[in-house]
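Engineer: So here's model-v4.txt, just compact mmCIF, C-alpha atoms:
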# COMPACT_ATOMS: atom_id res chain seq x y z
CA MET A 21 153.12 -7.93 -137.74
CA THR A 22 155.21 -7.80 -134.55
CA CYS A 23 158.88 -8.54 -135.20
CA THR A 24 160.06 -11.33 -132.87
CA GLU A 25 162.58 -14.14 -132.95
CA ALA A 26 159.73 -16.62 -133.48
CA SER A 27 158.16 -14.66 -136.33
CA MET A 28 161.51 -14.31 -138.06
CA ASP A 29 162.20 -18.02 -137.64
CA ALA A 30 158.93 -18.69 -139.46
CA LEU A 31 159.85 -16.25 -142.23
CA GLY A 32 163.17 -18.05 -142.60
CA GLN A 33 161.32 -21.18 -143.73
CA ALA A 34 158.94 -19.49 -146.21
CA GLY A 35 159.52 -18.96 -149.93
CA ASP A 36 157.25 -17.57 -152.68
CA ALA A 37 154.46 -20.03 -153.46
CA LEU A 38 153.39 -18.56 -156.83
CA ALA A 39 156.86 -18.19 -158.32
CA ASP A 40 158.06 -21.50 -156.85
CA ALA A 41 155.13 -23.38 -158.41
CA THR A 42 155.70 -21.68 -161.77
CA VAL A 43 159.39 -22.54 -161.87
CA ALA A 44 158.78 -26.12 -160.74
CA ALA A 45 156.27 -26.59 -163.58
CA LEU A 46 158.67 -25.10 -166.16
CA PHE A 47 161.44 -27.46 -165.12
CA ALA A 48 159.09 -30.45 -164.93
CA GLY A 49 157.92 -29.78 -168.48
CA GLY A 50 161.42 -29.10 -169.83
CA GLU A 51 160.28 -25.63 -170.89
CA VAL A 52 162.83 -23.35 -169.21
CA GLY A 53 164.90 -22.87 -172.37
CA THR A 54 161.80 -22.00 -174.39
CA PHE A 55 160.67 -19.56 -171.71
CA ASN A 56 164.05 -17.78 -171.57
CA THR A 57 164.27 -17.49 -175.36
CA LEU A 58 160.79 -16.05 -175.75
CA MET A 59 161.04 -13.75 -172.73
CA ARG A 60 164.04 -11.95 -174.23
CA TYR A 61 161.46 -10.29 -176.47
CA VAL A 62 159.22 -9.27 -173.56
CA SER A 63 160.93 -6.24 -172.07
CA THR A 64 158.14 -3.67 -171.79
CA ALA A 65 154.86 -3.69 -169.85
CA GLY A 66 151.76 -4.26 -171.97
CA ALA A 67 153.64 -5.96 -174.80
CA PRO A 68 151.76 -8.96 -176.25
CA LEU A 69 153.03 -12.27 -174.91
CA PRO A 70 154.75 -14.33 -177.61
CA GLU A 71 153.23 -17.41 -179.18
CA GLY A 72 154.62 -20.64 -177.81
CA LEU A 73 155.03 -19.37 -174.26
CA PRO A 74 154.30 -22.21 -171.79
CA ASP A 75 150.81 -21.95 -170.30
CA VAL A 76 152.06 -21.88 -166.71
CA ALA A 77 154.35 -18.96 -167.55
CA ARG A 78 151.56 -17.13 -169.35
CA GLU A 79 149.33 -17.49 -166.28
CA TYR A 80 152.10 -16.24 -163.99
CA LEU A 81 152.84 -13.22 -166.18
CA ARG A 82 149.18 -12.26 -166.30
CA ALA A 83 148.78 -12.66 -162.53
CA THR A 84 151.80 -10.43 -161.84
CA SER A 85 151.32 -7.85 -164.60
CA ALA A 86 150.08 -5.04 -162.36
CA PRO A 87 151.26 -3.40 -159.14
CA PRO A 88 149.31 -4.11 -155.94
CA SER A 89 145.90 -2.47 -155.69
CA TRP A 90 146.85 -0.55 -152.55
CA VAL A 91 149.55 1.60 -154.21
CA ASP A 92 149.38 5.32 -153.42
CA TRP A 93 150.51 6.93 -156.68
CA GLY A 94 151.06 10.31 -155.06
CA GLU A 95 153.53 8.69 -152.69
CA MET A 96 155.25 6.94 -155.60
CA GLU A 97 155.70 10.26 -157.40
CA LYS A 98 157.29 11.72 -154.28
CA ALA A 99 159.67 8.75 -154.25
CA ARG A 100 160.59 9.28 -157.89
CA LEU A 101 161.36 12.96 -157.29
CA PHE A 102 163.40 12.00 -154.22
CA PHE A 103 165.42 9.62 -156.38
CA LEU A 104 165.97 12.22 -159.10
CA ASP A 105 167.18 14.73 -156.53
CA ASN A 106 169.55 12.22 -154.92
CA ASN A 107 170.31 9.72 -157.67
CA VAL A 108 174.10 9.82 -157.45
CA HIS A 109 174.01 9.59 -153.65
CA ILE A 110 171.54 6.70 -153.79
CA SER A 111 173.75 4.91 -156.32
CA THR A 112 176.70 5.41 -154.00
CA ALA A 113 174.75 4.01 -151.05
CA LEU A 114 173.53 1.00 -153.04
CA SER A 115 177.03 0.20 -154.28
CA PHE A 116 179.10 0.84 -151.17
CA ALA A 117 176.66 0.12 -148.33
CA SER A 118 173.71 -2.02 -149.44
CA MET A 119 175.71 -4.59 -151.39
CA PRO A 120 178.43 -5.05 -148.74
CA ALA A 121 175.71 -5.29 -146.07
CA CYS A 122 174.31 -8.31 -147.94
CA TYR A 123 177.73 -9.92 -147.68
CA VAL A 124 177.78 -9.49 -143.88
CA VAL A 125 174.97 -12.08 -143.68
CA PRO A 126 176.82 -15.39 -144.18
CA ARG A 127 173.90 -17.37 -145.59
CA VAL A 128 173.19 -14.59 -148.12
CA ALA A 129 176.88 -14.47 -149.09
CA LYS A 130 176.83 -18.26 -149.40
CA LEU A 131 173.77 -18.08 -151.65
CA LEU A 132 175.24 -15.35 -153.86
CA SER A 133 178.36 -17.45 -154.18
CA ALA A 134 176.16 -20.29 -155.41
CA THR A 135 175.09 -18.34 -158.46
CA HIS A 136 177.30 -15.86 -160.30
CA GLY A 137 178.47 -13.85 -157.31
CA LEU A 138 182.11 -14.86 -157.16
CA GLU A 139 182.93 -14.88 -160.85
CA TYR A 140 180.55 -12.25 -162.19
CA PRO A 141 180.03 -9.49 -159.59
CA SER A 142 179.46 -6.97 -162.39
CA LYS A 143 176.41 -8.93 -163.54
CA ARG A 144 174.71 -8.69 -160.16
CA MET A 145 175.59 -5.01 -159.79
CA ALA A 146 174.40 -4.30 -163.34
CA GLU A 147 171.12 -6.13 -162.70
CA THR A 148 170.57 -4.21 -159.47
CA GLY A 149 171.43 -0.86 -161.04
CA GLN A 150 169.28 -1.42 -164.10
CA PHE A 151 166.37 -2.60 -161.93
CA THR A 152 166.54 0.57 -159.78
CA VAL A 153 166.77 2.86 -162.82
CA HIS A 154 163.71 1.16 -164.35
CA LEU A 155 161.82 1.61 -161.08
CA MET A 156 162.44 5.35 -160.88
CA GLN A 157 161.53 6.22 -164.45
CA PRO A 158 158.33 8.21 -165.14
CA GLY A 159 155.49 5.78 -165.81
CA ALA A 160 157.41 2.83 -164.38
CA PHE A 161 154.14 0.94 -163.85
CA GLU A 162 152.46 1.92 -167.12
CA ALA A 163 152.38 0.31 -170.57
CA GLY A 164 155.73 0.62 -172.31
CA SER A 165 157.81 0.67 -169.11
CA ARG A 166 160.58 -1.83 -168.42
CA PHE A 167 160.13 -2.19 -164.68
CA ILE A 168 157.22 -4.64 -164.45
CA PRO A 169 158.77 -7.26 -166.80
CA ALA A 170 162.05 -6.89 -164.90
CA ALA A 171 160.29 -7.50 -161.57
CA GLN A 172 158.47 -10.53 -162.97
CA LYS A 173 161.72 -12.05 -164.21
CA VAL A 174 163.67 -11.32 -161.00
CA ARG A 175 160.94 -13.05 -158.98
CA LEU A 176 161.28 -16.17 -161.15
CA LEU A 177 165.07 -15.92 -160.95
CA HIS A 178 164.85 -16.09 -157.15
CA ALA A 179 162.48 -19.06 -157.37
CA SER A 180 164.81 -20.88 -159.77
CA ILE A 181 167.71 -20.54 -157.33
CA ARG A 182 165.54 -22.04 -154.57
CA HIS A 183 164.59 -24.84 -156.99
CA HIS A 184 168.18 -25.70 -157.93
CA LEU A 185 169.58 -25.65 -154.42
CA ARG A 186 166.78 -27.86 -153.08
CA ARG A 187 166.77 -30.29 -156.01
CA GLU A 188 170.54 -30.72 -155.97
CA ASN A 189 170.60 -31.06 -152.17
CA ARG A 190 173.17 -28.27 -151.98
CA TRP A 191 171.52 -26.25 -149.22
CA ASP A 192 171.09 -27.32 -145.59
CA THR A 193 167.59 -26.03 -144.87
CA ASP A 194 167.76 -27.26 -141.27
CA VAL A 195 170.73 -24.96 -140.63
CA LEU A 196 170.25 -22.19 -143.18
CA GLY A 197 166.49 -22.11 -143.68
CA THR A 198 164.86 -21.78 -147.08
CA PRO A 199 167.16 -20.18 -149.69
CA ILE A 200 166.02 -16.62 -150.52
CA CYS A 201 163.45 -16.93 -147.75
CA GLN A 202 160.95 -14.28 -146.74
CA GLU A 203 163.17 -13.19 -143.85
CA ASP A 204 166.08 -12.51 -146.22
CA MET A 205 163.89 -10.91 -148.88
CA ILE A 206 162.55 -8.46 -146.30
CA GLY A 207 166.10 -7.96 -145.05
CA GLY A 208 167.16 -7.16 -148.61
CA GLN A 209 164.29 -4.71 -148.88
CA MET A 210 165.63 -2.99 -145.75
CA PHE A 211 169.15 -2.87 -147.22
CA PHE A 212 167.91 -1.17 -150.38
CA SER A 213 165.63 1.26 -148.59
CA LEU A 214 166.37 1.99 -144.92
CA LEU A 215 170.11 1.38 -145.16
CA VAL A 216 170.27 3.68 -148.19
CA LEU A 217 168.57 6.40 -146.15
CA ASP A 218 171.01 5.79 -143.29
CA SER A 219 173.91 6.11 -145.73
CA LEU A 220 172.59 9.34 -147.22
CA HIS A 221 172.33 10.71 -143.69
CA ARG A 222 175.89 9.60 -142.93
CA LEU A 223 177.04 11.40 -146.07
CA GLY A 224 175.39 14.57 -144.80
CA ILE A 225 172.60 14.65 -147.39
CA HIS A 226 169.59 16.74 -146.34
CA MET A 227 166.33 14.78 -146.52
CA SER A 228 162.83 15.67 -145.49
CA THR A 229 160.93 13.07 -143.49
CA GLU A 230 158.35 13.10 -146.28
CA GLY A 231 160.94 12.22 -148.91
CA ALA A 232 162.51 9.47 -146.80
CA GLU A 233 159.13 7.90 -146.10
CA ALA A 234 158.21 8.01 -149.79
CA TYR A 235 161.46 6.30 -150.79
CA TYR A 236 160.83 3.56 -148.23
CA TYR A 237 157.23 3.22 -149.45
CA ALA A 238 158.43 2.70 -153.04
CA TRP A 239 160.50 -0.27 -151.92
CA ARG A 240 157.47 -1.72 -150.15
CA VAL A 241 155.74 -1.69 -153.54
CA VAL A 242 158.80 -3.31 -155.10
CA GLY A 243 158.82 -5.98 -152.40
CA ALA A 244 155.17 -6.80 -153.07
CA MET A 245 155.95 -7.27 -156.77
CA LEU A 246 158.90 -9.52 -155.94
CA GLY A 247 156.73 -11.88 -153.90
CA VAL A 248 157.47 -10.56 -150.41
CA ASP A 249 154.71 -11.27 -147.88
CA GLN A 250 153.30 -7.81 -147.19
CA ASP A 251 151.69 -8.91 -143.94
CA ALA A 252 155.21 -9.39 -142.58
CA VAL A 253 156.78 -6.21 -144.00
CA PRO A 254 157.21 -3.24 -141.64
CA LYS A 255 154.93 -0.40 -142.71
CA THR A 256 156.80 2.49 -141.10
CA LEU A 257 160.41 3.58 -140.81
CA GLU A 258 160.29 2.98 -137.07
CA ASP A 259 159.11 -0.61 -137.51
CA ALA A 260 161.61 -1.10 -140.32
CA ARG A 261 164.37 -0.02 -137.94
CA ARG A 262 163.33 -2.67 -135.43
CA TYR A 263 163.26 -5.34 -138.13
CA LEU A 264 166.68 -4.40 -139.55
CA ASP A 265 168.31 -4.23 -136.12
CA LEU A 266 166.97 -7.65 -135.12
CA TYR A 267 167.80 -9.15 -138.51
CA MET A 268 171.40 -7.98 -138.33
CA ILE A 269 171.82 -9.06 -134.72
CA ARG A 270 170.53 -12.52 -135.67
CA HIS A 271 172.66 -13.02 -138.75
CA MET A 272 175.58 -10.67 -139.30
CA ALA A 273 178.97 -12.37 -138.97
CA PRO A 274 182.23 -12.83 -140.87
CA SER A 275 182.43 -15.47 -143.59
CA GLU A 276 184.88 -16.52 -146.27
CA GLU A 277 182.24 -16.02 -148.94
CA GLY A 278 181.44 -12.53 -147.68
CA ALA A 279 185.08 -11.46 -147.77
CA HIS A 280 185.54 -12.94 -151.24
CA LEU A 281 182.45 -11.20 -152.62
CA THR A 282 183.58 -7.90 -151.10
CA ARG A 283 187.02 -8.22 -152.68
CA GLN A 284 185.35 -8.83 -156.04
CA LEU A 285 183.14 -5.78 -155.51
CA ILE A 286 186.11 -3.56 -154.65
CA ASP A 287 188.07 -4.80 -157.67
CA LEU A 288 185.05 -4.15 -159.89
CA TYR A 289 184.62 -0.54 -158.79
CA GLU A 290 188.34 0.16 -158.89
CA GLU A 291 188.08 -0.69 -162.58
CA VAL A 292 185.17 1.75 -162.97
CA VAL A 293 187.00 4.60 -161.19
CA PRO A 294 189.25 6.32 -163.79
CA GLY A 295 192.98 5.87 -163.25
CA THR A 296 194.48 4.33 -160.11
CA PHE A 297 195.05 7.29 -157.78
CA PHE A 298 191.44 7.25 -156.55
CA ASP A 299 191.15 3.44 -156.28
CA PRO A 300 191.46 3.42 -152.45
CA ILE A 301 188.35 5.59 -152.17
CA VAL A 302 186.26 2.49 -152.94
CA SER A 303 187.42 0.66 -149.81
CA ALA A 304 187.30 3.87 -147.78
CA LEU A 305 183.66 4.54 -148.73
CA ILE A 306 182.60 1.01 -147.85
CA ARG A 307 184.32 1.24 -144.47
CA TYR A 308 182.83 4.68 -143.78
CA LEU A 309 179.26 3.64 -144.66
CA ILE A 310 179.04 0.22 -142.99
CA GLY A 311 181.35 0.83 -140.02
CA ASP A 312 184.66 -0.67 -138.94
CA THR A 313 183.28 -3.88 -137.42
CA CYS A 314 181.46 -5.01 -140.55
CA ALA A 315 184.28 -3.75 -142.78
CA ASP A 316 186.80 -5.81 -140.80
CA TRP A 317 184.59 -8.89 -141.10
CA LEU A 318 184.54 -8.37 -144.87
CA ALA A 319 188.33 -7.82 -144.96
CA VAL A 320 187.93 -4.33 -146.41
CA PRO A 321 191.47 -2.92 -146.45
CA ARG A 322 192.30 0.20 -144.49
CA THR A 323 193.74 3.00 -146.63
CA ALA A 324 195.02 6.55 -146.29
CA TRP A 325 191.68 7.63 -147.78
CA ASP A 326 189.76 6.48 -144.70
CA THR A 327 190.32 9.88 -143.10
CA VAL A 328 189.74 11.81 -146.33
CA VAL A 329 186.32 10.22 -146.85
CA THR A 330 185.10 11.55 -143.51
CA ALA A 331 185.13 15.00 -145.12
CA ALA A 332 182.49 13.89 -147.65
CA PRO A 333 179.56 15.37 -145.68
CA HIS A 334 181.25 18.80 -145.69
CA LEU A 335 181.90 18.69 -149.43
CA LEU A 336 178.36 17.53 -150.18
CA GLY A 337 177.08 20.29 -147.90
CA VAL A 338 178.82 22.88 -150.08
CA LEU A 339 177.26 21.35 -153.18
CA GLU A 340 173.82 21.39 -151.56
CA THR A 341 174.25 25.07 -150.71
CA ILE A 342 175.01 25.78 -154.38
CA GLU A 343 171.96 23.75 -155.37
CA ASP A 344 169.69 25.60 -152.91
CA ARG A 345 170.81 29.09 -153.94
CA SER A 346 171.14 28.76 -157.69
CA PRO A 347 168.57 27.27 -160.11
CA LEU A 348 171.35 26.90 -162.67
CA GLY A 349 173.55 25.19 -160.08
CA ALA A 350 170.69 22.87 -159.15
CA TRP A 351 170.17 21.95 -162.81
CA ALA A 352 173.89 21.37 -163.34
CA LEU A 353 174.26 19.16 -160.25
CA ASP A 354 171.13 17.15 -161.11
CA ARG A 355 172.47 16.68 -164.62
CA LEU A 356 175.87 15.65 -163.30
CA GLY A 357 174.23 13.15 -160.95
CA HIS A 358 172.22 11.68 -163.82
CA LEU A 359 175.29 11.38 -166.05
CA THR A 360 177.31 9.82 -163.23
CA THR A 361 174.60 7.20 -162.66
CA VAL A 362 174.36 6.48 -166.39
CA PHE A 363 178.16 6.17 -166.66
CA GLU A 364 178.30 3.77 -163.72
CA LEU A 365 175.50 1.61 -165.11
CA SER A 366 176.95 1.59 -168.65
CA SER A 367 180.35 0.61 -167.24
CA LEU A 368 178.80 -2.33 -165.40
CA THR A 369 176.54 -3.51 -168.23
CA ARG A 370 179.09 -2.76 -170.99
CA GLY A 371 176.16 -1.59 -173.08
CA ARG A 372 174.17 -4.80 -172.67
CA VAL A 373 170.57 -5.18 -171.52
CA MET A 374 170.24 -7.46 -168.50
CA HIS A 375 167.52 -10.07 -169.13
CA TYR A 376 167.25 -11.79 -165.72
CA ALA A 377 166.95 -15.26 -167.27
CA ILE A 378 166.13 -18.40 -165.29
CA PRO A 379 169.39 -20.37 -164.96
CA GLU A 380 168.96 -23.93 -166.24
CA GLN A 381 171.67 -25.06 -163.82
CA LEU A 382 173.93 -23.57 -161.19
CA ARG A 383 177.69 -23.75 -161.19
CA LYS A 384 178.88 -26.63 -159.06
CA ASP A 385 182.30 -25.38 -157.94
CA TYR A 386 181.48 -22.97 -155.15
CA GLY A 387 181.57 -25.30 -152.13
CA LEU A 388 178.18 -24.78 -150.50
CA SER A 389 178.65 -26.85 -147.40
CA GLY A 390 176.29 -25.48 -144.78
CA THR A 391 178.94 -24.23 -142.45
CA VAL A 392 161.60 19.04 -150.46
CA PRO A 393 160.39 20.69 -147.27
CA ARG A 394 163.42 21.47 -145.16
CA SER A 395 161.46 22.22 -142.02
CA ARG A 396 161.30 18.59 -140.95
CA ARG A 397 164.50 16.67 -141.69
CA TRP A 398 164.61 12.90 -141.58
CA ALA A 399 167.38 11.41 -139.45
CA PRO A 400 167.81 7.85 -138.19
CA PRO A 401 167.92 7.16 -134.47
CA ALA A 402 171.31 6.67 -132.88
CA ALA A 403 170.83 2.98 -132.08
CA THR A 404 171.68 1.37 -135.41
CA TRP A 405 174.12 -1.36 -136.35
CA ALA A 406 176.29 1.18 -138.23
CA THR A 407 176.73 4.26 -136.07
CA PRO A 408 175.52 7.40 -137.93
CA VAL A 409 176.99 10.87 -137.74
CA PRO A 410 174.96 13.55 -135.93
CA PRO A 411 172.31 15.23 -138.11
CA ARG A 412 173.13 18.65 -139.46
CA SER A 413 171.16 21.63 -138.27
CA SER A 414 168.71 23.37 -140.59
CA PRO A 415 170.04 26.41 -142.46
Please lay out the structure from this file as structure tokens.
Structural biologist:
Amino acid sequence: MTCTEASMDALGQAGDALADATVAALFAGGEVGTFNTLMRYVSTAGAPLPEGLPDVAREYLRATSAPPSWVDWGEMEKARLFFLDNNVHISTALSFASMPACYVVPRVAKLLSATHGLEYPSKRMAETGQFTVHLMQPGAFEAGSRFIPAAQKVRLLHASIRHHLRRENRWDTDVLGTPICQEDMIGGQMFFSLLVLDSLHRLGIHMSTEGAEAYYYAWRVVGAMLGVDQDAVPKTLEDARRYLDLYMIRHMAPSEEGAHLTRQLIDLYEEVVPGTFFDPIVSALIRYLIGDTCADWLAVPRTAWDTVVTAAPHLLGVLETIEDRSPLGAWALDRLGHLTTVFELSSLTRGRVMHYAIPEQLRKDYGLSGTVPRSRRWAPPAATWATPVPPRSSP
């Protein structure tokens, strides 16, 4: 599908027909509470559905219980290995680039503020982190995995937010479009895939083109399972670049909600970082990864660490050299990356399992007036909304 202003306008009005119909039927029948209670016991793929589950929910869960038929499993395995090799860097990019990028889109920031975004930023970060970890586990799409039930619940969670905002007349669709519309869902897919790759490049992480393409492909599969219209999703990194650039040009701007969400995010991660000496690195990383313009819009404070963080690519380059030349060093760094990711996720979840329940109502006090082979390295083109550093030469 060619990416144009007109096509994106159309995507801005479209939701997710299957999930929207399911949620509407659950609310109409007064069965949301029953669904949430029973679905707490459905956390693994292939588990028998509990007795008493509403028929409409049972039909939805059966219809969405498998990945799309077009999945290339070889490509998905490449993506999983790419994640394992770069898990701590990917977690860094998701936390300090992808999430703030969402806040640079005012209508997305407004929508996040409508749910738990302002008061419970750790919940959203924990849900995102847990979802990504489930995705990159071996057998993520097989019986016994946790990813498919998580995707099914997240899709209904999105539909429930659309339902509440429309029913309560708290969203100006003429100005803002459909809440969690196809345009924004695809934009989110770009934030969690292409923008992560951009951030890894900015951090000086070596990536093969094959690995980058596989990681992007995995998020196309995720998008399909979250109800994103695959006819509208860019199939290649080049097309994805055009979509992301146009999307950001159309929508990125400062907003009160975006700045507030960013402040909450910074506070959250300053709590995760041990002690207080390194607290400013949180703001410095966000500014480094999304650029000064977007950081200023989000009121990210400038700190003495802004200059220090620019040395990150050099430090990571040293670590990569150790990894390349020493099997023991590679094992140790991979293990450290895994433990770092686990620590971050456990800090956010506080040991809890995130269940992605359908909210029976939204809070009403947020003011929603509609104002790998090294021979071929992947590197983003220079014309992006956050200027990248030059690619490093091959060793």
Engineer: Can you pull out the residues contacting Val76 in chain A? Cut-off 9 Å, using all atoms listed in the file, and skip same-chain residues under 5 positions away; I want them as a list in words.
Structural biologist: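 With the cut-off at 9 Å, the set is Ala41, Thr42, Val43, Ala45, Leu46 and Leu81 of chain A.
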Engineer: Could you check which residues have any atom within 12 Å of (151.0, -0.3, -161.8), counting all atoms listed in the file with coordinates taken straight from the file, and then list them as a PDB file with C-alpha atoms, keeping the file's coordinate frame?
Structural biologist:
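Contents of the output file part_34.pdb:
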ATOM      1  CA  ALA A  65     154.860  -3.690-169.850  1.00  0.00           C
ATOM      2  CA  GLY A  66     151.760  -4.260-171.970  1.00  0.00           C
ATOM      3  CA  THR A  84     151.800 -10.430-161.840  1.00  0.00           C
ATOM      4  CA  SER A  85     151.320  -7.850-164.600  1.00  0.00           C
ATOM      5  CA  ALA A  86     150.080  -5.040-162.360  1.00  0.00           C
ATOM      6  CA  PRO A  87     151.260  -3.400-159.140  1.00  0.00           C
ATOM      7  CA  PRO A  88     149.310  -4.110-155.940  1.00  0.00           C
ATOM      8  CA  SER A  89     145.900  -2.470-155.690  1.00  0.00           C
ATOM      9  CA  TRP A  90     146.850  -0.550-152.550  1.00  0.00           C
ATOM     10  CA  VAL A  91     149.550   1.600-154.210  1.00  0.00           C
ATOM     11  CA  ASP A  92     149.380   5.320-153.420  1.00  0.00           C
ATOM     12  CA  TRP A  93     150.510   6.930-156.680  1.00  0.00           C
ATOM     13  CA  MET A  96     155.250   6.940-155.600  1.00  0.00           C
ATOM     14  CA  LEU A 155     161.820   1.610-161.080  1.00  0.00           C
ATOM     15  CA  PRO A 158     158.330   8.210-165.140  1.00  0.00           C
ATOM     16  CA  GLY A 159     155.490   5.780-165.810  1.00  0.00           C
ATOM     17  CA  ALA A 160     157.410   2.830-164.380  1.00  0.00           C
ATOM     18  CA  PHE A 161     154.140   0.940-163.850  1.00  0.00           C
ATOM     19  CA  GLU A 162     152.460   1.920-167.120  1.00  0.00           C
ATOM     20  CA  ALA A 163     152.380   0.310-170.570  1.00  0.00           C
ATOM     21  CA  GLY A 164     155.730   0.620-172.310  1.00  0.00           C
ATOM     22  CA  SER A 165     157.810   0.670-169.110  1.00  0.00           C
ATOM     23  CA  ARG A 166     160.580  -1.830-168.420  1.00  0.00           C
ATOM     24  CA  PHE A 167     160.130  -2.190-164.680  1.00  0.00           C
ATOM     25  CA  ILE A 168     157.220  -4.640-164.450  1.00  0.00           C
ATOM     26  CA  PRO A 169     158.770  -7.260-166.800  1.00  0.00           C
ATOM     27  CA  ALA A 171     160.290  -7.500-161.570  1.00  0.00           C
ATOM     28  CA  ALA A 238     158.430   2.700-153.040  1.00  0.00           C
ATOM     29  CA  VAL A 241     155.740  -1.690-153.540  1.00  0.00           C
ATOM     30  CA  VAL A 242     158.800  -3.310-155.100  1.00  0.00           C
ATOM     31  CA  ALA A 244     155.170  -6.800-153.070  1.00  0.00           C
ATOM     32  CA  MET A 245     155.950  -7.270-156.770  1.00  0.00           C
TER      33      MET A 245
END
Engineer: So which one's closest to Leu38 in chain A, A:Glu291, A:Asp249, A:Glu25, A:Asp299? Using only C-alpha atoms, please.
Structural biologist: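 Using only C-alpha atoms, the shortest distance to Leu38 in chain A belongs to A:Asp249.
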Engineer: A:Pro274, A:Leu58, A:Arg182, A:Arg78: which is nearest Thr313 in chain A, counting all atoms listed in the file?
Structural biologist: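 Of A:Pro274, A:Leu58, A:Arg182, A:Arg78, the one nearest Thr313 in chain A is A:Pro274, counting all atoms listed in the file.
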Engineer: Measure the distance from CA of Ile286 in chain A to CA of Phe151 in chain A in Å and round it to one decimal.
Structural biologist: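 Separating CA of Ile286 in chain A from CA of Phe151 in chain A is a distance of 21.1 Å.
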Engineer: Could you please determine the separation between CA of Gly72 in chain A and CA of Ala37 in chain A in Å, to one decimal place?
Structural biologist: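 One can read the CA of Gly72 in chain A to CA of Ala37 in chain A distance as 24.4 Å.
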Engineer: Applying 7 Å and all atoms listed in the file, which residues near range 230-237 of chain A remain after dropping the ones on its own chain fewer than 3 positions away? List them as a PDB file with C-alpha atoms, in the coordinates of the input.
Structural biologist:
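Output saved as around.pdb:
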ATOM      1  CA  GLU A  95     153.530   8.690-152.690  1.00  0.00           C
ATOM      2  CA  MET A  96     155.250   6.940-155.600  1.00  0.00           C
ATOM      3  CA  LYS A  98     157.290  11.720-154.280  1.00  0.00           C
ATOM      4  CA  ALA A  99     159.670   8.750-154.250  1.00  0.00           C
ATOM      5  CA  PHE A 102     163.400  12.000-154.220  1.00  0.00           C
ATOM      6  CA  SER A 213     165.630   1.260-148.590  1.00  0.00           C
ATOM      7  CA  LEU A 214     166.370   1.990-144.920  1.00  0.00           C
ATOM      8  CA  LEU A 217     168.570   6.400-146.150  1.00  0.00           C
ATOM      9  CA  MET A 227     166.330  14.780-146.520  1.00  0.00           C
ATOM     10  CA  ARG A 240     157.470  -1.720-150.150  1.00  0.00           C
ATOM     11  CA  VAL A 241     155.740  -1.690-153.540  1.00  0.00           C
ATOM     12  CA  LEU A 257     160.410   3.580-140.810  1.00  0.00           C
ATOM     13  CA  TRP A 398     164.610  12.900-141.580  1.00  0.00           C
TER      14      TRP A 398
END
Engineer: Just checking: using only C-alpha atoms, which residue out of A:Val328, A:Ala377, A:Ile206, A:Val125 ends up closest to Leu177 in chain A?
Structural biologist: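 Ranked by minimum distance to Leu177 in chain A, first place goes to A:Ala377.
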Engineer: Smallest atom-to-atom distance to Trp325 in chain A: which of A:Ile269, A:Ile310, A:Ile301, A:Thr57, using only C-alpha atoms?
Structural biologist: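 Of all the options, A:Ile301 lies closest to Trp325 in chain A.
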Engineer: Using all atoms listed in the file, find the one residue out of A:Val62, A:Ala113, A:Ile225, A:Leu69 that sits nearest to Ala170 in chain A.
Structural biologist: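 For Ala170 in chain A, the nearest of the candidates is A:Val62.
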Engineer: Measure the distance from CA of Val216 in chain A to CA of Ser180 in chain A in Å and round it to one decimal.
Structural biologist: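 Spanning CA of Val216 in chain A to CA of Ser180 in chain A is a straight-line distance of 27.7 Å.
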Engineer: Show me, as an MDAnalysis selection string, the residues that have an atom within 6 Å of range 115-124 of chain A when counting only C-alpha atoms, minus same-chain residues fewer than 4 positions from it.
Structural biologist: chainID A and resid 129 211:212 272:273 278 306 309:310
Engineer: Would you mind telling me which residue in A:His183, A:Arg262, A:Arg127, A:His154 lies nearest to Val195 in chain A when using all atoms listed in the file?
Structural biologist: A:Arg127
